[in-house]
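Asks: First the structure, which I've put down as structure tokens, then a few questions once you've had a look.
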Amino acid sequence: QRFIDNIEQTSKYSASYVLKMCKSAVNYLIKKRLLTDNKFNFVDSVKLERQEIHHLDIEQIRKVLDVARYEYDFKTYCILYLFIGTGLRSSELFALNKSDVDIDNMTIRVNKQCIRAKIKHKTKTDKSNRVIYIFPDLADVLREYMRSVSDILFPNKDGGYIDGNNFNRRTWKKIKERAGITDRVRLHDLRGSYIDMVLSSGLSPKFAQNQVGHSKTETTLNVYAQNNRDMVDTARLT
């Protein structure tokens with residue numbers, strides 16, 4: 001307990017991560033019959049403040065996509081367009097194969113995850129196993145892109161699956177800076193930007209919930225959706 005408490009004095013997030021790793025390591029030793037119980041289960045959990053979610057507005061989205069298209073490459077542009085245009089989790093997007101995309105019916109099948117560049121043939125939750133719809137503009141971009149791929153939709157340089165953490169660190173942060181975005185916007189926050197756009201366009205919260213794979217509509221509305229300017233303007237018009 002003192003060990004974790006000392007780390008927490010410097011960083012709560014570090015303490016939480018260390019505690020999680022220690023529990024995992026000891027559980028592995030128990031599985032190998034080298035230990036019999038996990039003392040870390042009796043350590044108080046570290047209470048973390050909920051991280052603020054920063055969404056991109058329409059103008060910021062345009063800037064991000066412009067930077068990706070004209071300063072990077074077509075694959076990077078497609079990746080970010082797919083993040084913004086579907087609300088997929090990073091682990092879901094980088095697990096996609098070409099066969100998962102049905103351009104004619106404008107749908108994508110989500111049935112697996114990619115964690116640290118390795119495939120897990122199950123989704124985060126049962127609700128996450130789903131078929132999502134893509135809009136015509138995104139479908140046109142993907143149709144053009146998929147002419148150059150054979151199996152993995154977004155392969156890394158070695159032909160394997162992209163590590164989402166690497167993409168976030170090496171690509172997303174740089175694109176965000178080039179687009180002039182100073183807020184701490186994670187790739188995961190783009191789910192919120194997508195939900196905002198869906199609700200702003202007049203589509204139902206239930207549609208948004210099914211698209212992003214939430215178990216409850218309340219999560220979609222209370223955690224991710226924000227009353228952005230587009231939503232306010234739409235409300236005024238109606």
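Lettering and numbering for the structure tokens are positional, with chains as A, B, ... in the shown order, residues counted from 1 in each chain, and ligands counted from 1 in the shown order.
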So that I can check the surroundings of Ala95 in chain A, please list as a ChimeraX atom specification every protein, DNA and RNA residue that reaches within 9 Å of it, counting only C-alpha atoms and ignoring chain neighbours fewer than 2 positions away.
Replies: /A:90-93,97,110-115,117-120,152-154,161-162
Asks: Write the residues of the preceding selection, restricted to C-alpha atoms, as an mmCIF file, in the first residue's frame.
Replies:
```
data_model
loop_
_atom_site.group_PDB
_atom_site.id
_atom_site.type_symbol
_atom_site.label_atom_id
_atom_site.label_comp_id
_atom_site.auth_asym_id
_atom_site.auth_seq_id
_atom_site.Cartn_x
_atom_site.Cartn_y
_atom_site.Cartn_z
ATOM 1 C CA SER A 90 -8.908 2.645 -32.425
ATOM 2 C CA SER A 91 -8.744 -1.079 -31.659
ATOM 3 C CA GLU A 92 -11.697 -1.714 -33.996
ATOM 4 C CA LEU A 93 -10.478 0.424 -36.879
ATOM 5 C CA ASN A 97 -9.795 -6.289 -43.161
ATOM 6 C CA VAL A 110 -17.019 -4.878 -36.610
ATOM 7 C CA ASN A 111 -16.259 -8.234 -35.005
ATOM 8 C CA LYS A 112 -12.690 -8.085 -33.623
ATOM 9 C CA GLN A 113 -10.067 -5.863 -32.009
ATOM 10 C CA CYS A 114 -6.416 -5.075 -32.624
ATOM 11 C CA ILE A 115 -4.509 -4.640 -29.348
ATOM 12 C CA ALA A 117 -0.818 -4.826 -33.283
ATOM 13 C CA LYS A 118 -2.273 -8.260 -32.432
ATOM 14 C CA ILE A 119 -5.749 -9.455 -33.347
ATOM 15 C CA LYS A 120 -8.289 -10.547 -30.751
ATOM 16 C CA ILE A 152 -5.538 -5.867 -44.010
ATOM 17 C CA LEU A 153 -7.321 -2.577 -44.628
ATOM 18 C CA PHE A 154 -4.595 -0.408 -43.098
ATOM 19 C CA TYR A 161 -1.561 -4.586 -38.230
ATOM 20 C CA ILE A 162 -0.949 -1.023 -37.068
#
```
Asks: Just list the residues in range 62-233 of chain A DSSP gives helix (DSSP H, G or I) on the backbone, as a PyMOL selection string.
Replies: chain A and resi 62-71+74-86+90-93+98-100+126-128+136-148+164-178+187-200+205-212+217-224+229-233
Asks: Please compute the CA of Arg116 in chain A-CA of Trp172 in chain A distance, one decimal, in Å.
Replies: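 Computed distance, CA of Arg116 in chain A to CA of Trp172 in chain A, equals 16.5 Å.
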Asks: Please list as an MDAnalysis selection string every residue within 12 Å of Ile61 in chain A, counting only C-alpha atoms and excluding residues in the same chain fewer than 4 positions away.
Replies: chainID A and resid 55:57 65:68 77 80:81 83:85 175:176 179:181 185 190 193:194 197
Asks: Residues of the last selection are to be written out with C-alpha atoms, as a short mmCIF file (atom, residue, chain, number, x, y, z; two decimals), in the first residue's frame.
Replies:
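Saved the output as out.cif:
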```cif
data_model
loop_
_atom_site.label_atom_id
_atom_site.label_comp_id
_atom_site.auth_asym_id
_atom_site.auth_seq_id
_atom_site.Cartn_x
_atom_site.Cartn_y
_atom_site.Cartn_z
CA HIS A 55 -14.46 17.23 -29.38
CA LEU A 56 -13.53 18.76 -32.70
CA ASP A 57 -15.93 21.17 -34.35
CA LEU A 65 -8.38 16.14 -42.82
CA ASP A 66 -6.63 18.73 -44.98
CA VAL A 67 -3.35 18.22 -43.12
CA ALA A 68 -3.68 14.44 -43.40
CA TYR A 77 -6.22 10.58 -44.72
CA LEU A 80 -8.64 9.76 -39.96
CA TYR A 81 -11.68 10.11 -42.23
CA PHE A 83 -12.25 7.68 -37.34
CA ILE A 84 -14.24 10.88 -37.77
CA GLY A 85 -16.89 9.42 -40.08
CA ILE A 175 -1.39 16.23 -37.40
CA LYS A 176 -3.32 17.81 -34.56
CA ALA A 179 -3.96 21.80 -37.70
CA GLY A 180 -3.53 24.31 -34.87
CA ILE A 181 -5.45 22.31 -32.27
CA VAL A 185 -7.86 15.71 -28.16
CA LEU A 190 -13.14 11.58 -32.21
CA SER A 193 -17.04 14.38 -32.55
CA TYR A 194 -18.81 11.75 -34.65
CA MET A 197 -22.28 15.30 -36.04
#
```
Asks: Using only C-alpha atoms, pick whichever of A:Leu82, A:Met146, A:Ile4, A:Ala25 has the shortest atom-to-atom distance to Ser45 in chain A.
Replies: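 Nearest to Ser45 in chain A: A:Ile4.
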Asks: Quick one: of A:Glu218, A:Leu142, A:Met21, A:Asp137, who's nearest to Asp102 in chain A, counting only C-alpha atoms?
Replies: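 Smallest distance to Asp102 in chain A is found for A:Leu142.
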Asks: Mind pulling up the distance from CA of Thr86 in chain A to CA of Met106 in chain A?
Replies: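 CA of Thr86 in chain A lies at a distance of 11.5 Å from CA of Met106 in chain A.
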Asks: DSSP says strand (DSSP E) for which residues of range 70-196 of chain A? Put them as a list in words?
Replies: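 Restricting range 70-196 of chain A to strand (DSSP E) produces Val101, Asp102, Thr107, Ile108, Arg109, Val110, Gln113, Cys114, Ile115, Lys118, Ile119, Lys120, Arg130, Val131, Ile132 and Tyr133 of chain A.
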Asks: For the residues in that selection, give me N, CA, C and O atoms as a PDB file, in the first residue's frame.
Replies:
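So selection-v8.pdb came out as:
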```
ATOM      1  N   VAL A 101     -15.440  -4.560 -45.199  1.00  0.00           N
ATOM      2  CA  VAL A 101     -16.072  -3.368 -45.774  1.00  0.00           C
ATOM      3  C   VAL A 101     -16.917  -3.766 -46.977  1.00  0.00           C
ATOM      4  O   VAL A 101     -16.408  -4.333 -47.943  1.00  0.00           O
ATOM      5  N   ASP A 102     -18.207  -3.468 -46.908  1.00  0.00           N
ATOM      6  CA  ASP A 102     -19.131  -3.713 -48.019  1.00  0.00           C
ATOM      7  C   ASP A 102     -19.490  -2.362 -48.624  1.00  0.00           C
ATOM      8  O   ASP A 102     -20.422  -1.690 -48.180  1.00  0.00           O
ATOM      9  N   THR A 107     -21.599  -0.465 -45.654  1.00  0.00           N
ATOM     10  CA  THR A 107     -21.558  -0.972 -44.285  1.00  0.00           C
ATOM     11  C   THR A 107     -20.161  -1.492 -43.964  1.00  0.00           C
ATOM     12  O   THR A 107     -19.386  -1.834 -44.853  1.00  0.00           O
ATOM     13  N   ILE A 108     -19.863  -1.551 -42.673  1.00  0.00           N
ATOM     14  CA  ILE A 108     -18.623  -2.138 -42.171  1.00  0.00           C
ATOM     15  C   ILE A 108     -18.968  -3.101 -41.043  1.00  0.00           C
ATOM     16  O   ILE A 108     -19.721  -2.751 -40.128  1.00  0.00           O
ATOM     17  N   ARG A 109     -18.424  -4.294 -41.100  1.00  0.00           N
ATOM     18  CA  ARG A 109     -18.642  -5.291 -40.046  1.00  0.00           C
ATOM     19  C   ARG A 109     -17.547  -5.144 -38.996  1.00  0.00           C
ATOM     20  O   ARG A 109     -16.358  -5.169 -39.309  1.00  0.00           O
ATOM     21  N   VAL A 110     -17.959  -4.995 -37.732  1.00  0.00           N
ATOM     22  CA  VAL A 110     -17.019  -4.878 -36.610  1.00  0.00           C
ATOM     23  C   VAL A 110     -17.156  -6.124 -35.750  1.00  0.00           C
ATOM     24  O   VAL A 110     -18.186  -6.327 -35.106  1.00  0.00           O
ATOM     25  N   GLN A 113     -10.875  -6.991 -32.477  1.00  0.00           N
ATOM     26  CA  GLN A 113     -10.067  -5.863 -32.009  1.00  0.00           C
ATOM     27  C   GLN A 113      -8.605  -6.095 -32.363  1.00  0.00           C
ATOM     28  O   GLN A 113      -8.171  -7.231 -32.529  1.00  0.00           O
ATOM     29  N   CYS A 114      -7.860  -4.997 -32.449  1.00  0.00           N
ATOM     30  CA  CYS A 114      -6.416  -5.075 -32.624  1.00  0.00           C
ATOM     31  C   CYS A 114      -5.775  -4.379 -31.421  1.00  0.00           C
ATOM     32  O   CYS A 114      -5.880  -3.157 -31.267  1.00  0.00           O
ATOM     33  N   ILE A 115      -5.146  -5.158 -30.551  1.00  0.00           N
ATOM     34  CA  ILE A 115      -4.509  -4.640 -29.348  1.00  0.00           C
ATOM     35  C   ILE A 115      -3.005  -4.841 -29.475  1.00  0.00           C
ATOM     36  O   ILE A 115      -2.533  -5.966 -29.605  1.00  0.00           O
ATOM     37  N   LYS A 118      -1.880  -6.862 -32.396  1.00  0.00           N
ATOM     38  CA  LYS A 118      -2.273  -8.260 -32.432  1.00  0.00           C
ATOM     39  C   LYS A 118      -3.793  -8.373 -32.411  1.00  0.00           C
ATOM     40  O   LYS A 118      -4.467  -7.636 -31.705  1.00  0.00           O
ATOM     41  N   ILE A 119      -4.309  -9.308 -33.201  1.00  0.00           N
ATOM     42  CA  ILE A 119      -5.749  -9.455 -33.347  1.00  0.00           C
ATOM     43  C   ILE A 119      -6.352 -10.283 -32.210  1.00  0.00           C
ATOM     44  O   ILE A 119      -5.813 -11.330 -31.833  1.00  0.00           O
ATOM     45  N   LYS A 120      -7.459  -9.783 -31.683  1.00  0.00           N
ATOM     46  CA  LYS A 120      -8.289 -10.547 -30.751  1.00  0.00           C
ATOM     47  C   LYS A 120      -9.637 -10.746 -31.417  1.00  0.00           C
ATOM     48  O   LYS A 120     -10.303  -9.771 -31.785  1.00  0.00           O
ATOM     49  N   ARG A 130     -20.972  -5.576 -34.240  1.00  0.00           N
ATOM     50  CA  ARG A 130     -22.064  -4.894 -34.925  1.00  0.00           C
ATOM     51  C   ARG A 130     -21.730  -4.645 -36.389  1.00  0.00           C
ATOM     52  O   ARG A 130     -20.603  -4.844 -36.822  1.00  0.00           O
ATOM     53  N   VAL A 131     -22.730  -4.186 -37.125  1.00  0.00           N
ATOM     54  CA  VAL A 131     -22.542  -3.691 -38.483  1.00  0.00           C
ATOM     55  C   VAL A 131     -22.899  -2.210 -38.466  1.00  0.00           C
ATOM     56  O   VAL A 131     -23.970  -1.831 -37.990  1.00  0.00           O
ATOM     57  N   ILE A 132     -21.984  -1.365 -38.933  1.00  0.00           N
ATOM     58  CA  ILE A 132     -22.216   0.067 -38.934  1.00  0.00           C
ATOM     59  C   ILE A 132     -22.394   0.562 -40.362  1.00  0.00           C
ATOM     60  O   ILE A 132     -21.963  -0.074 -41.326  1.00  0.00           O
ATOM     61  N   TYR A 133     -23.050   1.712 -40.480  1.00  0.00           N
ATOM     62  CA  TYR A 133     -23.308   2.312 -41.784  1.00  0.00           C
ATOM     63  C   TYR A 133     -22.346   3.474 -42.021  1.00  0.00           C
ATOM     64  O   TYR A 133     -21.993   4.204 -41.095  1.00  0.00           O
TER      65      TYR A 133
END
```
